[in-house]
Every structure is written in C-alpha cells, then in structure tokens.
$ cat target02.cif   # mmCIF, C-alpha atoms
data_upload
#
loop_
_atom_site.label_atom_id
_atom_site.label_comp_id
_atom_site.auth_asym_id
_atom_site.auth_seq_id
_atom_site.Cartn_x
_atom_site.Cartn_y
_atom_site.Cartn_z
CA GLY A 1 186.04 162.90 83.81
CA PRO A 2 186.72 163.47 80.16
CA LEU A 3 185.26 166.63 78.64
CA SER A 4 182.72 165.11 76.32
CA GLU A 5 180.94 163.14 79.04
CA ARG A 6 180.46 165.98 81.51
CA ARG A 7 177.13 167.71 81.88
CA LEU A 8 176.76 171.39 81.07
CA MET A 9 176.67 172.47 84.71
CA ASP A 10 179.98 170.78 85.41
CA VAL A 11 181.87 172.43 82.54
CA ARG A 12 184.00 175.44 83.44
CA LEU A 13 183.65 178.67 81.53
CA GLY A 14 187.02 178.42 79.87
CA GLU A 15 186.25 174.96 78.54
CA LEU A 16 182.90 175.93 77.07
CA PRO A 17 183.96 176.17 73.39
CA ALA A 18 185.80 172.87 73.62
CA TRP A 19 182.75 171.27 75.20
CA LEU A 20 180.48 172.67 72.51
CA ALA A 21 182.80 171.19 69.90
CA THR A 22 182.47 167.70 71.37
CA CYS A 23 178.72 167.60 71.65
CA ASP A 24 176.41 166.31 68.91
CA LEU A 25 174.98 169.23 66.90
CA SER A 26 173.02 167.29 64.27
CA PRO A 27 169.19 167.62 64.40
CA GLN A 28 168.87 164.26 66.08
CA GLY A 29 171.58 165.17 68.56
CA LEU A 30 169.97 168.51 69.39
CA LEU A 31 166.56 166.89 69.72
CA GLY A 32 168.09 164.27 71.98
CA GLY A 33 169.70 167.00 74.07
CA VAL A 34 166.39 168.87 74.41
CA TRP A 35 164.62 165.61 75.29
CA LYS A 36 167.21 164.80 77.93
CA ALA A 37 166.95 168.31 79.43
CA CYS A 38 163.15 168.04 79.61
CA ASN A 39 163.35 164.63 81.25
CA SER A 40 165.86 165.80 83.83
CA TYR A 41 163.68 168.82 84.68
CA TYR A 42 160.63 166.57 85.02
CA ASP A 43 162.46 164.05 87.17
CA LYS A 44 163.74 166.78 89.45
CA TYR A 45 160.60 168.86 90.02
CA ILE A 46 157.47 167.07 88.78
CA ASN A 47 157.81 163.29 89.09
CA VAL A 48 158.08 163.30 92.87
CA LYS A 49 155.79 161.97 95.54
CA ARG A 50 155.20 165.28 97.32
CA GLY A 51 155.79 168.10 94.87
CA GLY A 52 154.82 171.70 95.47
CA PRO A 53 153.99 174.70 93.33
CA ALA A 54 157.64 174.97 92.30
CA GLY A 55 157.43 172.62 89.32
CA ILE A 56 154.82 174.43 87.22
CA SER A 57 155.43 177.90 88.65
CA MET A 58 158.95 177.89 87.21
CA LEU A 59 157.58 176.81 83.83
CA LEU A 60 154.94 179.56 83.92
CA ALA A 61 157.50 182.16 84.92
CA GLY A 62 159.71 181.05 82.06
CA TYR A 63 156.75 181.32 79.68
CA CYS A 64 155.99 184.83 80.97
CA LEU A 65 159.57 185.93 80.37
CA LEU A 66 159.63 184.36 76.90
CA SER A 67 156.39 186.03 75.83
CA TYR A 68 157.62 189.36 77.21
CA GLY A 69 160.74 188.96 75.15
CA TRP A 70 158.77 188.11 71.98
CA ASN A 71 156.48 191.13 72.45
CA TYR A 72 159.24 193.57 73.51
CA GLN A 73 159.18 195.59 70.29
CA HIS A 74 155.48 196.28 70.82
CA ILE A 75 155.82 197.00 74.53
CA LYS A 76 158.69 199.47 73.87
CA CYS A 77 156.08 201.85 72.39
CA HIS A 78 154.35 202.15 75.78
CA ARG A 79 157.40 203.57 77.62
CA TRP A 80 156.78 206.38 80.04
CA ARG A 81 159.86 208.43 79.20
CA LYS A 82 161.72 208.90 76.00
CA TYR A 83 165.22 209.21 77.40
CA HIS A 84 166.64 206.96 80.10
CA VAL B 85 162.76 119.70 81.74
CA LEU B 86 163.14 123.34 82.78
CA HIS B 87 166.71 124.56 82.47
CA ALA B 88 166.86 126.79 85.55
CA THR B 89 170.35 128.01 84.75
CA ARG B 90 169.26 129.78 81.56
CA LEU B 91 169.00 133.58 81.99
CA LEU B 92 165.43 134.84 81.95
CA HIS B 93 166.15 138.43 80.92
CA THR B 94 168.27 138.50 77.82
CA THR B 95 168.27 142.33 77.46
CA ARG B 96 170.76 144.42 79.31
CA GLN B 97 168.47 146.12 81.75
CA SER B 98 165.06 144.95 82.79
CA LEU B 99 162.43 147.66 83.21
CA ALA B 100 161.02 146.28 86.44
CA PRO B 101 161.08 146.84 89.33
CA LEU B 102 161.43 150.57 88.90
CA PRO B 103 163.16 152.52 91.65
CA PRO B 104 160.62 154.41 93.80
CA LEU B 105 160.01 158.11 93.11
CA PRO B 106 161.94 160.57 95.28
CA GLU B 107 159.98 161.98 98.19
CA LYS B 108 160.52 165.68 97.59
CA GLY B 109 161.53 167.59 94.47
CA GLY B 110 164.44 169.95 94.17
CA GLU B 111 164.46 172.78 96.67
CA VAL B 112 163.06 176.03 95.28
CA ARG B 113 163.04 179.33 97.12
CA TYR B 114 159.99 181.58 96.83
CA GLY B 115 158.54 179.06 94.35
CA LEU B 116 160.63 180.51 91.52
CA ILE B 117 164.37 180.27 92.01
CA PRO B 118 166.07 176.93 92.61
CA GLU B 119 168.21 176.57 95.64
CA GLU B 120 171.24 175.71 93.52
CA PHE B 121 171.47 179.35 92.45
CA PHE B 122 171.80 180.54 96.04
CA GLN B 123 174.36 177.81 96.74
CA PHE B 124 176.25 178.79 93.61
CA LEU B 125 176.57 182.40 94.78
CA TYR B 126 177.14 181.65 98.45
CA PRO B 127 180.95 181.16 98.44
CA LYS B 128 181.61 184.51 96.72
CA THR B 129 178.83 186.74 98.11
CA GLY B 130 177.44 185.05 101.22
CA VAL B 131 173.79 184.91 102.07
CA THR B 132 172.64 188.31 100.82
CA GLY B 133 174.36 188.04 97.44
CA PRO B 134 171.46 186.72 95.39
CA TYR B 135 169.05 189.21 96.98
CA MET B 136 171.36 192.08 96.14
CA LEU B 137 171.65 190.75 92.64
CA GLY B 138 167.89 190.53 92.37
CA THR B 139 167.30 194.05 93.70
CA GLY B 140 169.94 195.56 91.44
CA LEU B 141 168.59 193.75 88.41
CA LEU B 142 165.04 194.88 89.16
CA LEU B 143 166.08 198.52 89.61
CA TYR B 144 168.13 198.42 86.41
CA LEU B 145 165.24 196.97 84.42
CA LEU B 146 162.82 199.54 85.81
CA SER B 147 165.08 202.54 85.45
CA LYS B 148 166.09 201.75 81.90
CA GLU B 149 162.45 200.78 81.16
CA ILE B 150 163.48 197.46 79.79
CA TYR B 151 160.53 196.32 81.87
CA VAL B 152 157.69 198.76 81.10
CA ILE B 153 154.98 199.33 83.70
CA ASN B 154 151.60 199.27 81.99
CA HIS B 155 148.16 197.76 82.42
CA GLU B 156 149.64 194.26 82.20
CA THR B 157 151.72 194.92 85.31
CA VAL B 158 148.58 195.73 87.30
CA ALA B 159 146.82 192.65 85.93
CA ALA B 160 149.82 190.47 86.73
CA ALA B 161 149.99 191.86 90.26
CA CYS B 162 146.31 191.14 90.91
CA ILE B 163 146.50 187.64 89.45
CA LEU B 164 149.65 186.80 91.36
CA SER B 165 148.24 188.00 94.65
CA VAL B 166 145.09 185.91 94.16
CA ILE B 167 147.11 182.85 93.20
CA ILE B 168 149.46 183.19 96.15
CA TYR B 169 146.54 183.65 98.53
CA GLY B 170 144.84 180.56 97.13
CA VAL B 171 147.98 178.45 97.33
CA LYS B 172 148.78 179.52 100.85
CA LYS B 173 145.26 178.88 102.10
CA TYR B 174 144.29 175.64 100.33
CA GLY B 175 147.66 174.19 99.45
CA SER B 176 147.86 171.68 102.27
CA ASP B 177 144.30 170.42 101.71
CA VAL B 178 144.91 169.82 98.04
CA ALA B 179 148.18 168.11 98.88
CA ALA B 180 146.42 165.80 101.36
CA PHE B 181 143.73 164.97 98.79
CA ALA B 182 146.33 164.17 96.15
CA ASP B 183 148.22 162.04 98.66
CA LYS B 184 145.03 160.13 99.42
CA LEU B 185 144.44 159.45 95.73
CA ASN B 186 148.00 158.25 95.39
CA GLU B 187 147.60 156.02 98.42
CA GLU B 188 144.50 154.41 96.93
CA LYS B 189 146.25 153.75 93.64
CA VAL B 190 149.25 152.23 95.36
CA ALA B 191 147.01 150.17 97.64
CA LYS B 192 145.09 148.80 94.66
CA ALA B 193 148.27 147.85 92.86
CA LEU B 194 149.63 146.28 96.02
CA ALA B 195 146.41 144.34 96.50
CA VAL B 196 146.67 143.00 92.96
CA LYS B 197 150.27 142.02 93.57
CA ASN B 198 149.40 140.27 96.84
CA GLU B 199 146.51 138.47 95.18
CA ALA B 200 148.81 137.28 92.45
CA ILE B 201 151.41 136.16 95.00
CA LYS B 202 148.80 134.29 97.03
CA ASP B 203 147.43 132.58 93.96
CA LEU B 204 150.91 131.55 92.91
CA GLU B 205 151.65 130.23 96.39
CA THR B 206 148.50 128.12 96.43
CA ALA B 207 149.45 126.90 92.97
CA ILE B 208 152.88 125.95 94.31
CA GLU B 209 151.34 124.04 97.19
CA GLN B 210 149.01 122.20 94.92
CA GLU B 211 151.91 121.39 92.65
CA LYS B 212 153.84 119.95 95.60
CA LYS B 213 150.78 117.93 96.55
CA GLU B 214 150.60 116.58 93.03
CA GLN B 215 154.25 115.63 93.22
CA TRP B 216 153.59 113.82 96.49
CA ARG B 217 150.70 112.03 94.83
CA VAL B 218 152.92 110.94 92.01
CA GLU B 219 155.09 109.12 94.54
CA GLY B 220 152.08 107.08 95.59
CA CYS B 221 151.37 106.19 91.99
CA SER B 222 153.29 102.94 92.20
CA TYR B 223 150.96 101.62 94.92
CA LEU B 224 147.98 102.66 92.88
CA PHE B 225 149.27 100.80 89.87
CA ASP B 226 150.01 97.71 91.95
CA ALA B 227 146.46 97.69 93.27
CA LYS B 228 145.10 98.11 89.75
CA ARG B 229 147.27 95.31 88.48
CA ASN B 230 146.00 93.08 91.27
CA ASN B 231 142.43 93.96 90.34
CA VAL B 232 143.01 93.11 86.74
CA ALA B 233 144.67 89.84 87.65
CA MET B 234 141.73 88.98 89.87
CA LEU B 235 139.28 89.69 87.07
CA LEU B 236 141.22 87.53 84.67
CA GLU B 237 141.38 84.70 87.21
CA THR B 238 137.63 84.81 87.91
CA ASN B 239 136.85 84.92 84.23
CA TYR B 240 139.10 81.93 83.59
CA ARG B 241 137.52 79.94 86.36
CA GLU B 242 134.01 80.76 85.21
CA ARG B 243 134.82 79.59 81.74
CA LEU B 244 136.43 76.46 83.15
CA MET B 245 133.19 75.82 85.03
CA THR B 246 131.08 76.29 81.92
CA VAL B 247 133.32 73.90 80.02
CA TYR B 248 132.99 71.33 82.78
CA ASN B 249 129.20 71.73 82.86
CA GLU B 250 128.83 71.43 79.13
CA VAL B 251 130.98 68.33 78.94
CA LYS B 252 129.06 66.77 81.85
CA LYS B 253 125.77 67.53 80.15
CA ARG B 254 126.88 65.85 76.95
CA LEU B 255 128.15 62.79 78.81
CA ASP B 256 124.92 62.57 80.84
CA TYR B 257 123.01 62.72 77.62
CA GLN B 258 124.98 59.83 76.23
CA VAL B 259 124.47 57.82 79.42
CA ALA B 260 120.73 58.57 79.44
CA MET B 261 120.51 57.55 75.83
CA GLN B 262 122.14 54.22 76.52
CA ASN B 263 119.90 53.54 79.54
CA LEU B 264 116.83 54.44 77.61
CA LYS B 265 117.83 52.20 74.78
CA ARG B 266 118.49 49.25 77.08
CA GLN B 267 115.20 49.78 78.87
CA LYS B 268 113.30 50.01 75.68
CA GLU B 269 114.93 46.86 74.42
CA GLN B 270 114.09 45.10 77.70
CA ASP B 271 110.48 46.20 77.61
CA HIS B 272 110.13 45.31 74.04
CA MET B 273 111.62 41.87 74.61
CA ILE B 274 109.37 41.19 77.62
CA GLN B 275 106.33 42.26 75.70
CA TRP B 276 107.30 40.15 72.75
CA VAL B 277 107.95 37.12 74.94
CA GLU B 278 104.62 37.57 76.73
CA LYS B 279 102.78 37.99 73.51
CA ASN B 280 104.33 34.88 72.09
CA VAL B 281 103.61 32.88 75.22
CA VAL B 282 100.03 33.98 75.28
CA GLN B 283 99.71 33.10 71.65
CA SER B 284 101.29 29.75 72.22
CA ILE B 285 98.70 28.83 74.78
CA THR B 286 96.44 26.78 72.32
CA PRO B 287 92.81 26.17 73.24
CA GLN B 288 93.57 22.55 74.00
CA GLN B 289 96.25 23.55 76.45
CA GLN B 290 93.80 25.97 77.97
CA LYS B 291 91.24 23.20 78.47
CA GLU B 292 93.83 20.90 79.99
CA SER B 293 95.04 23.61 82.36
CA ILE B 294 91.48 24.49 83.39
CA ALA B 295 90.69 20.75 84.03
CA LYS B 296 93.91 20.51 86.04
CA CYS B 297 92.92 23.54 88.04
CA ILE B 298 89.50 22.12 88.77
CA LEU B 299 91.07 18.83 89.92
CA ASP B 300 93.48 20.76 92.09
CA LEU B 301 90.65 22.81 93.52
CA LYS B 302 88.68 19.68 94.25
CA ALA B 303 91.65 18.15 96.00
CA LEU B 304 92.13 21.34 97.94
CA SER B 305 88.49 21.50 98.86
CA LYS B 306 88.68 17.95 100.15
CA THR B 307 91.63 18.75 102.30
CA ALA B 308 90.01 22.03 103.35
CA GLN B 309 86.77 20.32 104.20
CA ALA B 310 88.71 17.86 106.15
CA ALA B 311 90.47 20.67 107.97
CA VAL B 312 87.22 22.37 108.79
#

$ encode --input "target02.cif" --output "structure tokens"
Amino acid sequence: GPLSERRLMDVRLGELPAWLATCDLSPQGLLGGVWKACNSYYDKYINVKRGGPAGISMLLAGYCLLSYGWNYQHIKCHRWRKYH
Amino acid sequence: VLHATRLLHTTRQSLAPLPPLPEKGGEVRYGLIPEEFFQFLYPKTGVTGPYMLGTGLLLYLLSKEIYVINHETVAAACILSVIIYGVKKYGSDVAAFADKLNEEKVAKALAVKNEAIKDLETAIEQEKKEQWRVEGCSYLFDAKRNNVAMLLETNYRERLMTVYNEVKKRLDYQVAMQNLKRQKEQDHMIQWVEKNVVQSITPQQQKESIAKCILDLKALSKTAQAAV
C-alpha cells in the first residue's frame, strides 16, 4: 500500500526517512503513536485468554535494560579493568 | 406505530458485541524474545542465527565491560533463578485458578444474559396473548352492549309499571269517592225519609192503627180458635 499507511515493521530500510516524513510528529500525533503502540502490545501479549509469563517478563526486561542504561555512568566506575 | 425500517444504530460502528479475545498471545521464546525475531533472521542465518547473535553480543558486552559484573549481577542471578523455579513449579496451578475465575465471570454474565432473554421471551408471549385477547374484544363489547340494553329495557318496563299503578290508584280513588258519595246520599235520604215518616205518624193515627191491630188480632183469634 501507500507509504504513509504502512506500519513501521512493514517499511523497508531505504524508505525509512520518507516514512518518517509522512508521519505525524506533532505532540498529539506522537502521543497517539505511543498510545497505539501500547495498545497493540497489550492486545498481542496481555489481553488474551491464556497468557503466560511472556507479557510482563518482556516489560520487566525492558525496564531492567532502561535502568541499566540510565545508571551506566555510575556503573562504569565499578569496572574490573581499566583497558579493554 | 413503530417504524421497523429505521436504523437503530446511527453511529458508524456499534461497540457490541465485541469480538472474543484471542486464545493465546504472541509466541515468545524463553519468555523474553518474541518469535518474530527468530523468523526474521531465519531466511538469512537459519536456525542457529539468533543464538549466535546472542552469544556474540553477550561476549562483546562482557569483554568490553559494557556490562559490568558486580554485586547486582549476583543479586539478579539469585532473583531470576528463584523466579524461574517458582514459575516452572506453580505456573500451571496459577493458570488453572485464573481460568476458573474467568469461567465464573463468564458464566455469571451468561446467566444474566439468559435471564434477560428468558424474561424478554415471556414478555413476548404475554404480548402475543394480549394481542389475541384484543381480537376477542368485539365479542366482549357486544355482550356488554347487550347487558346495557337489557338494563335499560328493565328500567323502562319498571317505570311503565309504576306509571300504570299510580294511574290505577288515582282512578280507584275517584271511583271509591263516587261510590262513597252515592252511598252516603242514599243512607242520608233513607234516614231522612224514615225520620219524616215516623214524625208524620200523629198520635191519632197511632190510636187508629192500634185499634185496627186489635180488631185484626181479634178476628185472627176467632179464626184461630175455630181452627183449634
């Protein structure tokens, strides 16, 4: 289909800038995009009849990675070796 | 009059009934990495591609100490092992319990729906019965009209009877009056005549009549004596 209506996963790498140009980058548009992403994640992994640990475990793993990233400058001081 | 052809939902999409939830969520391998990632890498690298990628990434992060091993690593390892042990051991039980709760909720909602449907069906039947009754209304009204006509007729006849009786009573009264008057006049006349006759009998007439009676009696006694 036309470029503006495709989802992010269906856009090829070469078309990425063009796709970014077509999407709505105002605050409302970004918020709407975030809201849609959340809803699609929920519908895929959490709002099911027989879900497993996958839904929240992925969220927790993402949170772990994020917090590691935020605290990286502090953790860098606890390295074992100076030169890698 | 209910216009059945008018659309009930005027908005574009009605919110009910919702489609049912999917049975299982998206496939996730090892609880962390969605299956789509493995499928994405499969055409270029086969089955072992993602694992190689993972191993290489891990070794790179460790060797360059982008991931630093410290007390938090030990804590994370302990916590993760406990969590995984717990999930593996009690996962199915918890799942069954949650399924049971869900079942109860759905059953309650279904019961409410069935109740509502049954009530509506009984209401429909009663409505149909009422419609059938309406058809018999004409007979009912005929019977009522007949009743009313009967009442009117009886009332009319009663009043006719009372009129007749009243008139008869008045006429009887008149007749009785006339009879009484005639009788009184008769009596009065007889009395008056008697009174006058008795008055007219003068003493001399009385003596003459008594003498005549004696003479008659004597004559009679002579004949009677003769007979004896």

$ resolve_selection --input "target02.cif" --expression "the PyMOL selection byres ((chain B) within 8 of (chain A))" --output "MDAnalysis selection string"
chainID B and resid 105:110 112 115:117 147:150 152:154 179 183

$ atom_distance --input "target02.cif" --atom1 "atom CA of A:Gly32" --atom2 "atom CA of A:Leu13"
23.3 Å

$ atom_distance --input "target02.cif" --atom1 "atom CA of A:Leu20" --atom2 "atom CA of A:Val34"
14.7 Å

$ atom_distance --input "target02.cif" --atom1 "atom CA of B:Val247" --atom2 "atom CA of B:Arg229"
26.9 Å

$ closest_residue --input "target02.cif" --among "A:Asn39, A:Leu66, A:Asn71, A:Arg7" --to "A:Cys23" --atoms "only C-alpha atoms"
A:Arg7

$ residues_around --input "target02.cif" --residues "B:Tyr135" --least-positions-apart "6" --cutoff "12 Å" --atoms "only C-alpha atoms" --output "PyMOL selection string"
chain B and resi 113-114+117+121-122+125-126+129+141-142

$ axis_aligned_box --input "target02.cif" --around "stretch 199-210 of chain B" --padding-each-side "5 Å" --output "lines of an AutoDock Vina configuration file"
center_x = 149.7
center_y = 130.3
center_z = 94.8
size_x = 16.4
size_y = 26.3
size_z = 14.7

$ decode --input "target02.cif" --residues "stretch 117-132 of chain B" --atoms "N, CA and C atoms" --output "JSON list (two decimals), in the first residue's frame"
[["chain", "number", "residue", "atom", "x", "y", "z"],
["B", 117, "ILE", "N", 12.12, -13.27, 24.23],
["B", 117, "ILE", "CA", 12.35, -12.79, 22.86],
["B", 117, "ILE", "C", 11.20, -13.29, 22.00],
["B", 118, "PRO", "N", 10.48, -12.38, 21.33],
["B", 118, "PRO", "CA", 9.35, -12.83, 20.53],
["B", 118, "PRO", "C", 9.82, -13.66, 19.35],
["B", 119, "GLU", "N", 8.89, -14.53, 18.95],
["B", 119, "GLU", "CA", 9.21, -15.48, 17.90],
["B", 119, "GLU", "C", 9.50, -14.78, 16.58],
["B", 120, "GLU", "N", 8.92, -13.58, 16.42],
["B", 120, "GLU", "CA", 9.09, -12.87, 15.14],
["B", 120, "GLU", "C", 10.57, -12.61, 14.86],
["B", 121, "PHE", "N", 11.33, -12.40, 15.91],
["B", 121, "PHE", "CA", 12.77, -12.13, 15.73],
["B", 121, "PHE", "C", 13.46, -13.32, 15.11],
["B", 122, "PHE", "N", 13.15, -14.53, 15.62],
["B", 122, "PHE", "CA", 13.75, -15.74, 15.07],
["B", 122, "PHE", "C", 13.32, -15.94, 13.62],
["B", 123, "GLN", "N", 12.00, -15.66, 13.35],
["B", 123, "GLN", "CA", 11.52, -15.80, 11.98],
["B", 123, "GLN", "C", 12.18, -14.79, 11.07],
["B", 124, "PHE", "N", 12.44, -13.61, 11.62],
["B", 124, "PHE", "CA", 13.05, -12.55, 10.81],
["B", 124, "PHE", "C", 14.45, -12.97, 10.36],
["B", 125, "LEU", "N", 15.18, -13.65, 11.29],
["B", 125, "LEU", "CA", 16.57, -14.00, 10.95],
["B", 125, "LEU", "C", 16.68, -15.33, 10.24],
["B", 126, "TYR", "N", 15.59, -16.09, 10.21],
["B", 126, "TYR", "CA", 15.69, -17.46, 9.69],
["B", 126, "TYR", "C", 16.14, -17.53, 8.23],
["B", 127, "PRO", "N", 15.56, -16.69, 7.30],
["B", 127, "PRO", "CA", 15.94, -16.86, 5.91],
["B", 127, "PRO", "C", 17.44, -16.65, 5.67],
["B", 128, "LYS", "N", 18.05, -15.70, 6.41],
["B", 128, "LYS", "CA", 19.45, -15.40, 6.13],
["B", 128, "LYS", "C", 20.40, -16.30, 6.91],
["B", 129, "THR", "N", 20.05, -16.68, 8.14],
["B", 129, "THR", "CA", 21.02, -17.37, 9.01],
["B", 129, "THR", "C", 20.54, -18.72, 9.52],
["B", 130, "GLY", "N", 19.33, -19.16, 9.13],
["B", 130, "GLY", "CA", 18.90, -20.47, 9.57],
["B", 130, "GLY", "C", 18.48, -20.46, 11.03],
["B", 131, "VAL", "N", 18.55, -21.66, 11.62],
["B", 131, "VAL", "CA", 18.00, -21.81, 12.97],
["B", 131, "VAL", "C", 18.95, -21.26, 14.02],
["B", 132, "THR", "N", 20.27, -21.43, 13.82],
["B", 132, "THR", "CA", 21.20, -21.07, 14.88],
["B", 132, "THR", "C", 21.58, -19.60, 14.85]]
